Each structure stands twice: as C-alpha cells, then as structure tokens.
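Peer 1: Below is a structure I'd like to ask you about.
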Amino acid sequence: MVFSSLLFLFVFLPTVLLVYYICPRKFRNLFLFVASLIFYAWGEPIYITIMLFSTVFDYANGLLIEKYKLSGQDKKSKIVLISSIVVNLGILCFFKYSNFFITNVNSLFSSSISLLNLALPIGISFYTFQTMSYTIDVYRGEVSAQKNIISFGAFVTLFPQLVAGPIVRYKTIADQLDDRKESSQQFAEGIKRFIIGLGKKVLLANNIGMLWEQVSSTPLESLPAATAWLGAVAFSFQIYFDFSGYSDMAIGLGKMFGFDFLENFNYPYISKSITEFWRRWHISLGTWFKEYVYIPLGGNRGGKAKQIRNLFIVWALTGFWHGANWNFVVWGVYFAILLIIEKLFLLKHLEKLPSFISHIYTLVLVVFSWVIFAFDDFSKVILYFKAMFCANNACFANNGTVYLLYTNIILLVILTIASTDIGKKVAEKIKQKHSPDSMSMTVIKNITYVCIFLMSVAFLVGDSYNPFLYFRF
Amino acid sequence: MKNKSNTVTIIVFLLLVFSVAVLNIFSKDKDFSPNENRYLNPKPQLSLQSIISGKYEKEFEQYLNDQFVFRDIWMGKKTSFQMNFLKKDINGVYICKDGYLIEKCLENKFENEQMISNINCINEFVTYCRQDIPQCNISVMVVPSASLILKNKMPSYAENFNQDEKIDNIKNSIKDCTFVDVRDTLKKHNDEYIYYKTDHHWTSNGAFIAYQKWCDRTGYKKHTKDDFKVKKVTDSFRGTLFSKVLNKNSAYDEISLYLPKNKVKYSVTYNFDKSKSNSMYDLKKLKEKDKYQVFFGGNYPEIKITTENKNDKNLLIIKDSFANSFIPFIINDFENICVVDLRYFKYDLKNYINENNITDVLLLYNIMNFSSDKNIGKLGE
C-alpha cells in the first residue's frame with residue numbers, strides 16, 4: 001500500500017486511527033504491529049514471511065548479543081552480530097541483487113544461468129538497514145536490547161516509515177516505543193506534515209513527472225538540447241518532491257501515533273557544495289552509512305589515502321543500495337569523486353566564491369547526477385548527455401520545447417520556490433508580526449491545509465479515471 | 001490559544017477523512033460509468049485464496065477507486081486546477097482554441113508497425129477481391145484526425161504525430177484501388193463545423209464534404225446538399241474527449257442528420273438478422289451520454305441495409321465508427337449496403353462477400369484506428 005492512494009487515505013488511515021486511540025495503551029504496539037503487517041501484506045502477502053523472519057531473528061540476536069556481552073563473552077556476542085549482519089545482507093542481496101549478479105556473471109563468463117526474476121519485496125532496503133542498526137547498536141552498548149517482541153515487531157514493521165524511509169535507527173525511537181505520550185499538539189503537527197507531504201507527492205512530483213515522462217520517452221537521438229535540460233530539471237524536481245514528500249508523510253504519520261522521527265531532507269537544492277548537498281539530502285541514509293560503514297572503516301583517521309579509499313567504498317555502496325544496476329554504482333562513484341575533490345581543495349575555494357556561482361555549480365552537478373540515476377540502461381545515459389550538449393543530430397530547441405516550457409512554467413516557478421526555504425522564512429516573519437494563534441491565522445492556515453488535501457484527493461481520483469475513447473463490447 | 005488552532009486542525013482533518021470514508025461505505029455502487037464508457041469494478045469476493053495471492057487486495061483497490069464518491073466532480077476539479085496552471089493537455093487531450101478538444105498522440109506513441117502491417121493486409125485483401133470479383137470497385141478512405149485539419153485550433157507550439165507523412169505513406173502503399181485523399185477538401189473547409197468540439201468524430205457536415213470527394217474520385221453519382229434536408233437533432237452532445245477531461249465549461253455539440261429529400265424505402269438488419277429497424281437512426285440514443293450513437297445505434301459486427309433500389313449494386317463497407325455518419329449519404333445509390341466492423345465481426349469475410357454478391361467495396365477508417373486496430377489483420381487471412 002502507498003500513502004498517496006485513496007485506499008490508504010479513506011480506508012486504512014481512518015480505521016487505524018480509530019482503533020489505535022480506542023485501544024488501551026498497553027495494546028497499542030501490538031495493534032500497530034498487526035496494522036503494519038496488513039499494510040505491508042496488501043498486494044504482496046507472501047513477503048510478509050521475510051519480514052516476520054527478520055523480526056524474530058533480530059529480536060533473538062539482540063537478546064543474545066546483550067546476554068553474551070553482559071557475561072563477558074565478547075567473542076560469542078561478536079559472532080551473533082556477524083551472523084545477524086550476514087543474514088540481513090544475505091536477504092537483501094538475494095532478493096534485490098541476485099538478478100544483477102547472474103546477469104553480470106553470464107556476460108562475463110558467457111554462461112547462461114537463468115534469472116530468478118524475483119519481485120523485490122517492498123521496503124526491504126529500508127527495514128534490513130533498520131534491523132542491522134539495532135543489532136549493531138546493541139553490540140556497541142548504545143542501546144539495551146528490546147525484551148518485548150511486540151515492541152520490537154512494531155519497530156521493524158512500523159508502517160509510516162516501512163516503504164520508503166526515513167531509515168529510523170532503533171536508538172532514535174527506543175524510548176518512544178515503550179513509553180510515548182501522544183498529544184493533540186503532536187497530532188496536529190502530524191496532520192499538517194502529512195498534508196504537506198501528500199501535496200508534494202501528488203500535486204508537485206506527479207505533475208512535473210509528466211513532463212519528464214514525455215521528454216524521456218522521445219527518441220534521445222532527436223531530443224533537442226533545451227528539451228533535454230528541461231527534462232533533466234523536471235526529473236530533479238520530481239525525485240526531490242516525490243522522495244521528500246514521502247518522508248514528510250512518514251514523519252507526519254509517525255507524529256499522529258506519538259513518534260518523533262528525525263528529519264530526512266533539509267532543502268537540499270539550496271546547497272552551495274556537493275558536500276553540503278549530502279548533508280541535506282536523504283539524511284537518514286547518509287547517517288547510516290557514516291555510522292555503520294565509514295567510521296568503522298576508519299573514517300578520516302589514518303591519512304588522506306585511507307580516507308579517499310573509505311569514501312569510495314561508502315559511495316559505491318550508497319549508489320548500489322539505490323538499485324541493482326551499474327548506473328547506480330556509477331552514480332555513487334560520481335559523488336565519491338566530487339566529494340573527494342571538494343575535500344581535497346575545492347571546498348575552500350567554493351566558500352570564497354559569490355554564492356550564486358557555488359549554487360549553480362552544485363545544482364548543475366546534481367542535475368547531471370540525476371541523469372545518471374534516471375536510466376537503468378547506461379547507453380541511454382550517454383545519449384541523454386549527448387542531447388544535453390547538442391552532440392546528437394537534433395536542433396537546440398523546437399516547438400515541443402516551447403510548448404513544454406510555457407505549459408509548465410507556473411508549476412516550475414512553484415517548484416523552484418518550494419525547493420528553497422523562502423516559504424519557511426516568510427512564515428517566520430509573519431509569525432513575528434502577527435500572533436500565530438490569532439483567529440485569522442488559524443482560519444487561513446487551516447483553509448490552506450484543507451485546500452492542499454482536497455486538491456491532492458482530486459488528483460488521486462483523476463489518476464484512477466481512465467475513459468475508453470472507443471467502444472465497449 | 002495554541003491548543004485551539006491545533007484542535008481545529010484535528011477536527012477538520014478527521015471530519016474530512018471520516019466523512020468521505022463513511023460516504024464511500026454507504027453510497028450505492030454503480031455498474032457502469034457513461035463518462036468513461038466502461039463497466040466499473042464491483043466489490044470483489046472475499047476468499048482466503050484470493051487474499052493470499054494478492055488478487056483480493058488489488059481488486060478491492062480498483063473497486064474503491066471506481067466507486068469513489070463524487071468521482072466525476074473530483075475529476076472535473078482536477079481539470080480546472082490543471083487549466084489554471086496553463087496546462088494545455090490533460091489526460092491525453094489538447095485543450096484547444098474556440099472550445100475544441102483534440103486528441104493528443106505524439107510521434108513516439110503512434111503505432112507505425114501496426115499501420116504497415118495493416119496496409120499489407122489491405123493489399124492482400126484487394127488482390128483477393130480483384131481475383132474473385134473482377135469488376136469490383138474498391139476504394140479506401142482514411143479520415144484524418146482533427147489535429148491535422150484543425151491545426152489552427154491547436155494550442156500554440158503543441159505537437160502531434162506527423163499525420164501528413166502517415167497518410168502519404170498509406171496513400172503510396174495501397175495498391176490497385178482508389179485511395180480517396182480527403183485532406184485537402186477538409187482543410188479547405190476548416191472554418192466550418194466539420195469535427196465535433198468535444199468528440200473525436202467528424203460531424204455530418206465533415207463526413208458530407210468527404211463524401212463528395214469520394215464521389216469525385218470513384219465516379220459514383222454525387223448528391224449535393226440540396227438533395228438533403230439537414231435536421232438538427234440535439235445541441236447538448238458532449239463526446240468522448242469531454243469525458244476525458246470533464247471540464248464543466250466545455251462546449252456543447254450539435255448533431256445534424258442528412259435526410260434525403262427523395263425518400264427511398266429501406267430496412268436495416270443488425271447482426272445477421274438478429275434485430276431489425278426501418279431507420280438508420282436510433283433517436284433514443286440522443287437521451288444517453290454518447291449521442292453519436294444516434295447513427296445506427298452504435299457499432300455492430302454486421303449491419304445490412306436493404307433498399308428498394310434495383311441496380312444490382314451491393315456495397316460492402318469495412319469500417320470504424322467514422323463511417324456511421326457517412327452511410328446516410330449513399331443510401332439511395334445501392335441496392336444493398338453491407339457494413340462490417342472488423343473489431344466485432346467473427347464470420348468468414350470471403351464467404352460473406354460471396355453470399356451477398358458484393359460489387360463494390362469501401363474501406364473507411366480514421367487514421368487512429370487504421371494505425372492501431374489489430375483486427376484489420378483479419379483482412380489478410
């Protein structure tokens with residue numbers, strides 16, 4: 001199930017909210033666990049078994065690690081940790097990467113091992129990372145093991161962040177799992193955050209996505225440069241508003257049930273360097289790789305050469321995490337190179353430059369990265385870059401370019417403004433001038449949220465609306 | 001005070017979500033959506049097996065989407081939002097000047113390969129007819145879409161597939177029969193009402209202009225407008241393209257019938273005599289959503305019009321719905337007119353030709369159907 005569906009908004013969510021708040025406190029985790037399983041099972045009931053296995057397996061691992069640690073058997077506790085990591089990564093690799101490995105082995109040794117073609121279990125990249133963070137943190141002594149399997153199950157399956165993150169580390173919500181106080185303040189914030197996220201996804205990302213869809217489906221050999229740039233910008237907006245919208249909805253839903261997750265995006269497109277960009281983009285993933293890969297590898301201790309090696313490893317893995325295709329690895333390494341160059345010398349110079357130049361520098365490189373990201377087929381990536389630099393047989397711009405630009409111009413302006421923190425700053429200014437809780441502010445704010453919500457529903461209904469032009473029989 | 005604002009937010013949100021949820025539960029399910037021209041998904045049957053396979057979940061979601069309360073109103077609102085955002089193509093339809101809606105089909109969505117395969121099948125069919133009926137008059141008419149003829153109405157800079165190139169391609173590849181190219185004559189009249197504003201079909205007027213061109217090219221007797229009484233039967237038609245956008249400010253279309261002043265008696269049988277009528281028009285359809293069905297009541301696998309004319313001329317029309325408003329002009333010129341819609345026709349066509357002593361053949365298709373309809377392949381069999 002996805003949040004941006006009528007099923008979720010008007011069947012699942014109201015039912016779950018109703019039952020959750022009727023439930024006595026001690027049963028709430030159990031109910032969340034069950035509700036999350038239903039959420040997950042919707043459409044892919046079989047894969048629920050992997051998730052239940054993960055839950056039970058890492059619940060046991062956590063307890064064992066802690067037990068051995070407390071009794072001083074460090075070696076045993078390390079073995080349990082390693083088995084936990086191996087199994088989690090094993091599951092992830094098997095379901096996500098087996099086809100990729102087989103294809104590459106086949107083309108390398110011209111063998112013909114048949115593909116498994118497994119459907120990717122939804123959210124597997126997220127929840128395996130979450131359970132690993134749990135066992136590792138227990139091993140490091142940063143949290144104590146969860147004694148209650150229901151609470152642990154609720155952590156692993158928690159539906160708000162199950163499908164697309166943020167990657168919530170166990171230690172972030174350990175206390176909230178066992179003892180949280182839902183409040184009307186938090187609930188209202190959750191609603192607002194959810195609506196903002198829904199609007200980002202349905203009104204902004206989906207609509208600009210149509211532009212990208214049209215551009216990327218034209219034959220790339222005859223794609224005019226200006227259209228290619230427009231398409232790449234559109235895709236950059238789409239991926240940001242889609243992903244951050246989903247994170248907003250997750251954070252908002254978390255709040256409705258009394259959880260506070262960490263932020264996942266912080267206006268990445270206002271960054272003035274790639275280093276800054278990655279501090280603002282998909283923060284929970286960056287943090288995960290930093291804490292569980294980069295620092296254990298030695299981080300920046302041990303000299304420049306080692307640091308560069310570590311950055312390469314971390315970013316190749318980060319890329320590969322995004323998908324089982326070479327273009328994602330290239331995408332990761334692309335960022336590794338940029339980050340290393342910035343670390344070595346560029347960052348100092350960037351800081352001295354006028355900010356609009358460092359902005360443009362960052363945005364252009366980010367847009368290039370999304371082109372690499374967008375196509376599974378690497379030959380298409382190359383064709384697309386050729387189009388962007390007029391290195392194909394097409395003209396610079398044609399009627400189609402003008403059409404796409406003027407029919408999307410308002411949307412593009414809104415997307416640009418919404419990518420920056422201007423809105424936030426204006427809101428703060430208004431807050432200083434007027435009392436934020438005056439009658440008129442309450443009315444205006446609530447009407448805005450209602451409008452965003454209703455417009456989103458209209459677009460969701462529209463998506464399911466597909467008339468047959470011709471005839472029925 | 002802070003609490004008050006929060007309370008309002010919570011109450012409004014819960015009220016919205018719960019009231020829509022409750023309305024959905026209690027609103028009556030519909031079988032058919034006239035606007036979408038399709039049957040809506042009913043509530044799926046619950047069974048353990050269908051739950052485990054995921055089938056139930058999928059069908060339940062389709063059911064919920066299809067039966068969502070005020071579905072058409074939401075859809076109309078969505079269109080207005082998009083139009084306010086300067087969007088000119090919505091749900092595959094260009095919002096054009098003067099209230100016209102025109103189907104969007106970009107070059108890369110155009111089915112070139114199917115078109116070429118269809119051309120080959122038609123050529124095979126023509127060869128067969130020539131052997132079987134040496135004196136047969138065979139003509140092919142490909143009706144252009146509004147996007148070509150009404151180019152002046154299209155939104156500025158809007159693109160569509162290269163229709164001229166496609167029709168040229170067909171014209172040059174179809175062999176051994178008369179290709180009736182109606183582009184120029186329709187373009188010459190493009191300031192007239194020749195396509196519906198809200199439907200993808202041509203108007204009776206548009207069809208009549210093409211009919212005259214057909215007569216010029218084939219040498220059939222040509223009637224003029226004076227031979228007909230033009231009768232407007234509705235001015236509240238909103239067609240298939242309207243259904244795609246549901247914009248409440250859309251125009252309404254008029255439908256006119258061309259009734260011959262010289263009345264020849266005829267009878268119409270549908271589906272190999274399954275039903276019979278003494279009129280080509282089904283005026284009851286004017287009360288329904290798809291009023292274009294006033295012509296012959298819609299599309300049937302087979303229609304036979306038997307007239308009192310005695311001239312031994314029996315015309316076979318292989319067609320899509322564009323022919324439905326074309327046939328009324330030729331009713332006085334043939335003894336029998338046999339109309340076959342390959343999309344639904346399951347009978348052996350060659351037998352059918354022999355049984356009906358066919359002397360003349362007309363293939364009439366709109367370019368969109370011509371290039372996408374796999375059933376034209378039946379002609380090559």
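Letters for chains follow the order of the structure tokens (A, B, ...), residue numbers begin at 1 for each chain, and ligand numbers begin at 1 in the order shown.
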What's around segment 140-151 of chain A at 6 Å? Count only C-alpha atoms, leave out sequence neighbours fewer than 2 positions away in its own chain, and write the answer as a list of chain:residue names.

Peer 2: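 Residues near the query, excluding close chain neighbours: A:Asn29, A:Leu30, A:Gly62, A:Leu63, A:Asp137, A:Val138, A:Gly153, A:Ala154.
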
Peer 1: Export, as a PDB file, in the first residue's frame, the selected residues with C-alpha atoms.

Peer 2:
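What ended up in selection.pdb:
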```pdb
ATOM      1  CA  ASN A  29       2.152  -1.523  19.996  1.00  0.00           C
ATOM      2  CA  LEU A  30       0.503  -4.841  19.298  1.00  0.00           C
ATOM      3  CA  GLY A  62      19.632  -8.567  20.163  1.00  0.00           C
ATOM      4  CA  LEU A  63      18.918 -10.563  23.305  1.00  0.00           C
ATOM      5  CA  ASP A 137      23.858  -0.590  18.412  1.00  0.00           C
ATOM      6  CA  VAL A 138      23.113  -3.300  20.956  1.00  0.00           C
ATOM      7  CA  GLY A 153       7.987  -6.052  15.874  1.00  0.00           C
ATOM      8  CA  ALA A 154       6.309  -2.661  15.912  1.00  0.00           C
TER       9      ALA A 154
END
```

Peer 1: So which residues touch Tyr139 of chain A within 8 Å, counting only C-alpha atoms, skipping near sequence neighbours fewer than 6 positions away, as a PDB file with N, CA, C and O atoms, in the first residue's frame?

Peer 2:
```pdb
ATOM      1  N   GLY A  62      19.437  -9.672  19.219  1.00  0.00           N
ATOM      2  CA  GLY A  62      19.632  -8.567  20.163  1.00  0.00           C
ATOM      3  C   GLY A  62      19.787  -9.102  21.584  1.00  0.00           C
ATOM      4  O   GLY A  62      20.705  -8.718  22.325  1.00  0.00           O
ATOM      5  N   ILE A  65      23.157 -11.051  21.925  1.00  0.00           N
ATOM      6  CA  ILE A  65      24.317 -10.160  21.954  1.00  0.00           C
ATOM      7  C   ILE A  65      24.454  -9.541  23.346  1.00  0.00           C
ATOM      8  O   ILE A  65      25.530  -9.538  23.947  1.00  0.00           O
ATOM      9  N   GLU A  66      23.319  -9.081  23.866  1.00  0.00           N
ATOM     10  CA  GLU A  66      23.356  -8.432  25.163  1.00  0.00           C
ATOM     11  C   GLU A  66      23.743  -9.415  26.272  1.00  0.00           C
ATOM     12  O   GLU A  66      24.557  -9.104  27.150  1.00  0.00           O
ATOM     13  N   LYS A  69      27.384 -10.207  26.032  1.00  0.00           N
ATOM     14  CA  LYS A  69      28.173  -9.046  26.405  1.00  0.00           C
ATOM     15  C   LYS A  69      28.224  -8.881  27.920  1.00  0.00           C
ATOM     16  O   LYS A  69      29.274  -8.640  28.511  1.00  0.00           O
ATOM     17  N   SER A  77      29.415 -12.812  21.410  1.00  0.00           N
ATOM     18  CA  SER A  77      28.482 -11.750  21.035  1.00  0.00           C
ATOM     19  C   SER A  77      28.848 -11.200  19.652  1.00  0.00           C
ATOM     20  O   SER A  77      27.976 -10.829  18.863  1.00  0.00           O
ATOM     21  N   LYS A  78      30.143 -11.188  19.354  1.00  0.00           N
ATOM     22  CA  LYS A  78      30.566 -10.738  18.029  1.00  0.00           C
ATOM     23  C   LYS A  78      30.072 -11.700  16.943  1.00  0.00           C
ATOM     24  O   LYS A  78      29.638 -11.273  15.867  1.00  0.00           O
ATOM     25  N   LEU A  81      26.511 -11.047  16.252  1.00  0.00           N
ATOM     26  CA  LEU A  81      26.377  -9.812  15.479  1.00  0.00           C
ATOM     27  C   LEU A  81      26.684 -10.079  14.003  1.00  0.00           C
ATOM     28  O   LEU A  81      25.928  -9.675  13.111  1.00  0.00           O
TER      29      LEU A  81
END
```

Peer 1: Of the residues A:Pro296, A:Gly231, A:Gly323, A:Pro219, which is the one nearest to chain B, using only C-alpha atoms?

Peer 2: A:Pro219

Peer 1: Select from chain B every residue with an atom at most 6 Å from any atom of chain A, then for each give the shortest pair of atoms and their distance in Å to one decimal, using only C-alpha atoms, rows by chain and rising number, as CSV.

Peer 2:
```
residue,atom,partner,partner_atom,distance
B:Met1,CA,A:Asp437,CA,5.9
B:Lys2,CA,A:Asp437,CA,5.7
B:Ser5,CA,A:Thr442,CA,5.5
B:Asn6,CA,A:Ala188,CA,5.3
B:Ile10,CA,A:Ala188,CA,5.6
B:Val17,CA,A:Phe10,CA,5.9
B:Ala21,CA,A:Phe10,CA,4.9
B:Glu36,CA,A:Pro467,CA,3.7
B:Asn37,CA,A:Phe468,CA,5.8
B:Ile52,CA,A:Pro45,CA,5.7
B:Gly54,CA,A:Gly43,CA,4.7
B:Glu57,CA,A:Gly43,CA,5.6
B:Trp74,CA,A:Ala458,CA,4.7
B:Met75,CA,A:Gly462,CA,5.0
B:Lys78,CA,A:Ala458,CA,5.4
B:Phe85,CA,A:Ile410,CA,6.0
B:Leu86,CA,A:Thr407,CA,5.2
B:Lys87,CA,A:Thr407,CA,4.8
B:Tyr157,CA,A:Asn399,CA,4.9
B:Ala158,CA,A:Tyr403,CA,5.7
B:Thr240,CA,A:Leu469,CA,5.7
B:Lys244,CA,A:Pro467,CA,6.0
```

Peer 1: Excluding segment 257-271 of chain A and any residue of its chain fewer than 3 positions from it, enumerate the residues within 6 Å of it, using only C-alpha atoms, and give them as a list in words.

Peer 2: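 Counting only the stated atoms, we get Glu182, Ile251, Gly254, Glu276, Phe277, Arg280, Trp281, His282, Ile283, Ser284 and Thr420 of chain A.
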
Peer 1: Rank nothing, just name the residue among A:Lys181, A:Gly123, A:Val426, A:Phe194 nearest to Phe13 of chain B, using only C-alpha atoms.

Peer 2: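 Of the candidates, the smallest distance to Phe13 of chain B is held by A:Phe194.
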
Peer 1: List every residue of segment 15-184 of chain B that DSSP, applied to the backbone of this structure, places in strand (DSSP E or B), and write the result as JSON, numbers by chain.

Peer 2: {"B": [32, 33, 38, 39, 89, 90, 93, 94, 95, 101, 102, 103, 137, 138, 139, 140, 141, 142, 143, 178, 179, 180]}

Peer 1: Restrict the selected residues to N, CA, C and O atoms and save them as a PDB file, in the first residue's frame.

Peer 2:
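Below is the file again-v9.pdb, written as the result:
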```pdb
ATOM      1  N   PHE B  32     -21.928   1.002 -14.228  1.00  0.00           N
ATOM      2  CA  PHE B  32     -21.373   1.489 -15.477  1.00  0.00           C
ATOM      3  C   PHE B  32     -21.108   2.981 -15.369  1.00  0.00           C
ATOM      4  O   PHE B  32     -21.871   3.716 -14.758  1.00  0.00           O
ATOM      5  N   SER B  33     -19.992   3.416 -15.940  1.00  0.00           N
ATOM      6  CA  SER B  33     -19.707   4.846 -15.970  1.00  0.00           C
ATOM      7  C   SER B  33     -19.886   5.345 -17.390  1.00  0.00           C
ATOM      8  O   SER B  33     -19.088   5.040 -18.263  1.00  0.00           O
ATOM      9  N   ARG B  38     -17.220   2.581 -19.637  1.00  0.00           N
ATOM     10  CA  ARG B  38     -16.759   1.257 -19.239  1.00  0.00           C
ATOM     11  C   ARG B  38     -17.508   0.790 -17.993  1.00  0.00           C
ATOM     12  O   ARG B  38     -18.057   1.608 -17.236  1.00  0.00           O
ATOM     13  N   TYR B  39     -17.479  -0.521 -17.784  1.00  0.00           N
ATOM     14  CA  TYR B  39     -18.078  -1.068 -16.577  1.00  0.00           C
ATOM     15  C   TYR B  39     -17.140  -0.838 -15.409  1.00  0.00           C
ATOM     16  O   TYR B  39     -15.925  -0.958 -15.542  1.00  0.00           O
ATOM     17  N   ASP B  89      -2.589  20.170 -22.155  1.00  0.00           N
ATOM     18  CA  ASP B  89      -3.004  18.801 -22.478  1.00  0.00           C
ATOM     19  C   ASP B  89      -3.279  18.062 -21.185  1.00  0.00           C
ATOM     20  O   ASP B  89      -2.469  18.028 -20.280  1.00  0.00           O
ATOM     21  N   ILE B  90      -4.484  17.534 -21.108  1.00  0.00           N
ATOM     22  CA  ILE B  90      -4.936  16.890 -19.891  1.00  0.00           C
ATOM     23  C   ILE B  90      -5.474  15.519 -20.254  1.00  0.00           C
ATOM     24  O   ILE B  90      -6.332  15.394 -21.137  1.00  0.00           O
ATOM     25  N   VAL B  93      -5.650  14.801 -23.919  1.00  0.00           N
ATOM     26  CA  VAL B  93      -6.496  15.659 -24.756  1.00  0.00           C
ATOM     27  C   VAL B  93      -5.929  17.078 -24.749  1.00  0.00           C
ATOM     28  O   VAL B  93      -5.621  17.619 -23.685  1.00  0.00           O
ATOM     29  N   TYR B  94      -5.774  17.659 -25.933  1.00  0.00           N
ATOM     30  CA  TYR B  94      -5.356  19.052 -26.005  1.00  0.00           C
ATOM     31  C   TYR B  94      -6.563  19.956 -25.798  1.00  0.00           C
ATOM     32  O   TYR B  94      -7.616  19.758 -26.408  1.00  0.00           O
ATOM     33  N   ILE B  95      -6.402  20.950 -24.932  1.00  0.00           N
ATOM     34  CA  ILE B  95      -7.451  21.954 -24.737  1.00  0.00           C
ATOM     35  C   ILE B  95      -7.186  23.039 -25.790  1.00  0.00           C
ATOM     36  O   ILE B  95      -6.238  23.804 -25.668  1.00  0.00           O
ATOM     37  N   LEU B 101     -11.672  20.321 -28.283  1.00  0.00           N
ATOM     38  CA  LEU B 101     -10.807  19.357 -27.603  1.00  0.00           C
ATOM     39  C   LEU B 101     -10.280  18.423 -28.686  1.00  0.00           C
ATOM     40  O   LEU B 101     -11.045  17.958 -29.524  1.00  0.00           O
ATOM     41  N   ILE B 102      -8.972  18.192 -28.689  1.00  0.00           N
ATOM     42  CA  ILE B 102      -8.392  17.369 -29.747  1.00  0.00           C
ATOM     43  C   ILE B 102      -7.469  16.326 -29.128  1.00  0.00           C
ATOM     44  O   ILE B 102      -6.691  16.623 -28.214  1.00  0.00           O
ATOM     45  N   GLU B 103      -7.584  15.119 -29.630  1.00  0.00           N
ATOM     46  CA  GLU B 103      -6.826  14.004 -29.088  1.00  0.00           C
ATOM     47  C   GLU B 103      -5.322  14.231 -29.267  1.00  0.00           C
ATOM     48  O   GLU B 103      -4.865  14.630 -30.330  1.00  0.00           O
ATOM     49  N   ASN B 137     -15.396  -2.403 -57.717  1.00  0.00           N
ATOM     50  CA  ASN B 137     -14.870  -1.064 -57.443  1.00  0.00           C
ATOM     51  C   ASN B 137     -14.404  -1.027 -55.995  1.00  0.00           C
ATOM     52  O   ASN B 137     -15.207  -1.212 -55.091  1.00  0.00           O
ATOM     53  N   ILE B 138     -13.129  -0.799 -55.801  1.00  0.00           N
ATOM     54  CA  ILE B 138     -12.619  -0.790 -54.422  1.00  0.00           C
ATOM     55  C   ILE B 138     -12.044   0.582 -54.103  1.00  0.00           C
ATOM     56  O   ILE B 138     -11.219   1.102 -54.847  1.00  0.00           O
ATOM     57  N   SER B 139     -12.501   1.145 -53.016  1.00  0.00           N
ATOM     58  CA  SER B 139     -11.938   2.438 -52.614  1.00  0.00           C
ATOM     59  C   SER B 139     -11.573   2.396 -51.139  1.00  0.00           C
ATOM     60  O   SER B 139     -12.168   1.652 -50.347  1.00  0.00           O
ATOM     61  N   VAL B 140     -10.562   3.170 -50.793  1.00  0.00           N
ATOM     62  CA  VAL B 140     -10.091   3.246 -49.414  1.00  0.00           C
ATOM     63  C   VAL B 140     -10.073   4.716 -48.999  1.00  0.00           C
ATOM     64  O   VAL B 140      -9.518   5.547 -49.703  1.00  0.00           O
ATOM     65  N   MET B 141     -10.704   4.988 -47.888  1.00  0.00           N
ATOM     66  CA  MET B 141     -10.672   6.355 -47.379  1.00  0.00           C
ATOM     67  C   MET B 141     -10.115   6.354 -45.963  1.00  0.00           C
ATOM     68  O   MET B 141     -10.612   5.635 -45.113  1.00  0.00           O
ATOM     69  N   VAL B 142      -9.061   7.127 -45.748  1.00  0.00           N
ATOM     70  CA  VAL B 142      -8.519   7.270 -44.398  1.00  0.00           C
ATOM     71  C   VAL B 142      -8.867   8.672 -43.905  1.00  0.00           C
ATOM     72  O   VAL B 142      -8.459   9.664 -44.502  1.00  0.00           O
ATOM     73  N   VAL B 143      -9.650   8.710 -42.859  1.00  0.00           N
ATOM     74  CA  VAL B 143     -10.117  10.005 -42.354  1.00  0.00           C
ATOM     75  C   VAL B 143      -9.056  10.606 -41.442  1.00  0.00           C
ATOM     76  O   VAL B 143      -8.661   9.974 -40.460  1.00  0.00           O
ATOM     77  N   THR B 178      -8.819   2.633 -55.456  1.00  0.00           N
ATOM     78  CA  THR B 178      -8.893   4.084 -55.435  1.00  0.00           C
ATOM     79  C   THR B 178      -8.661   4.587 -54.022  1.00  0.00           C
ATOM     80  O   THR B 178      -9.454   4.300 -53.119  1.00  0.00           O
ATOM     81  N   PHE B 179      -7.570   5.324 -53.803  1.00  0.00           N
ATOM     82  CA  PHE B 179      -7.369   5.919 -52.484  1.00  0.00           C
ATOM     83  C   PHE B 179      -7.999   7.308 -52.488  1.00  0.00           C
ATOM     84  O   PHE B 179      -7.678   8.148 -53.328  1.00  0.00           O
ATOM     85  N   VAL B 180      -8.913   7.519 -51.571  1.00  0.00           N
ATOM     86  CA  VAL B 180      -9.600   8.802 -51.531  1.00  0.00           C
ATOM     87  C   VAL B 180      -8.938   9.671 -50.473  1.00  0.00           C
ATOM     88  O   VAL B 180      -9.052   9.410 -49.276  1.00  0.00           O
TER      89      VAL B 180
END
```

Peer 1: Which residue out of B:Ile170, B:Ala323, B:Ile317, B:Leu106 has the minimum interatomic distance to Val339 of chain B when only C-alpha atoms are used?

Peer 2: B:Ile317

Peer 1: From the options A:Gln130, A:Gln161, A:Asn327, A:Thr416, which residue's atoms come nearest to Trp288 of chain A, counting only C-alpha atoms?

Peer 2: A:Gln130
